[in-house]
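Working notes, beginning with the structure itself.
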Amino acid sequence: MRERRAPVGAARAARDAGRLERAVELARQAEELWRGEFTEALQAPAVAMS
C-alpha cells in the first residue's frame, strides 16, 4: 500500500500543475501496484490474470 501512495501523490501534484500526461502515467503506475498486491492471494476466475 505504501508503494502506491507515492505515485498517487505525485499524480495529484502533476495534475494540479497542469501536467496531465504525467499525472495519467503516475496514476497508471499506482493502479498496477494496487492490482498486483490486491489480486495476489485471490484464486477466483474473475480476477485471474493471464
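Chain labels A, B, ... are given in the sequence in which chains occur in the C-alpha cells; within each chain residues are numbered consecutively from 1, and ligands are likewise numbered from 1 in the order shown.
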
Hey, what's within 12 Å of Glu21 (chain A) if we count only C-alpha atoms and toss same-chain stuff fewer than 6 positions away? As a compact mmCIF listing (two decimals) with C-alpha atoms, in the first residue's frame, please?
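Done, and the output landed in part25.txt:
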# COMPACT_ATOMS: atom_id res chain seq x y z
CA ALA A 11 -0.06 12.14 -9.87
CA ARG A 12 -2.13 14.64 -7.92
CA ALA A 14 1.26 16.71 -11.63
CA ARG A 15 -2.47 17.18 -12.24
CA ALA A 27 -1.90 7.06 -11.80
CA ARG A 28 -1.44 4.00 -14.02

Exercise for the section: One decimal, Å: what's the distance from CA of Leu26 (chain A) over to CA of Ala10 (chain A), could you say? Expected result: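 Between CA of Leu26 (chain A) and CA of Ala10 (chain A) the gap is 6.9 Å.
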
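Going from CA of Leu20 (chain A) to CA of Ala6 (chain A) covers 16.8 Å.
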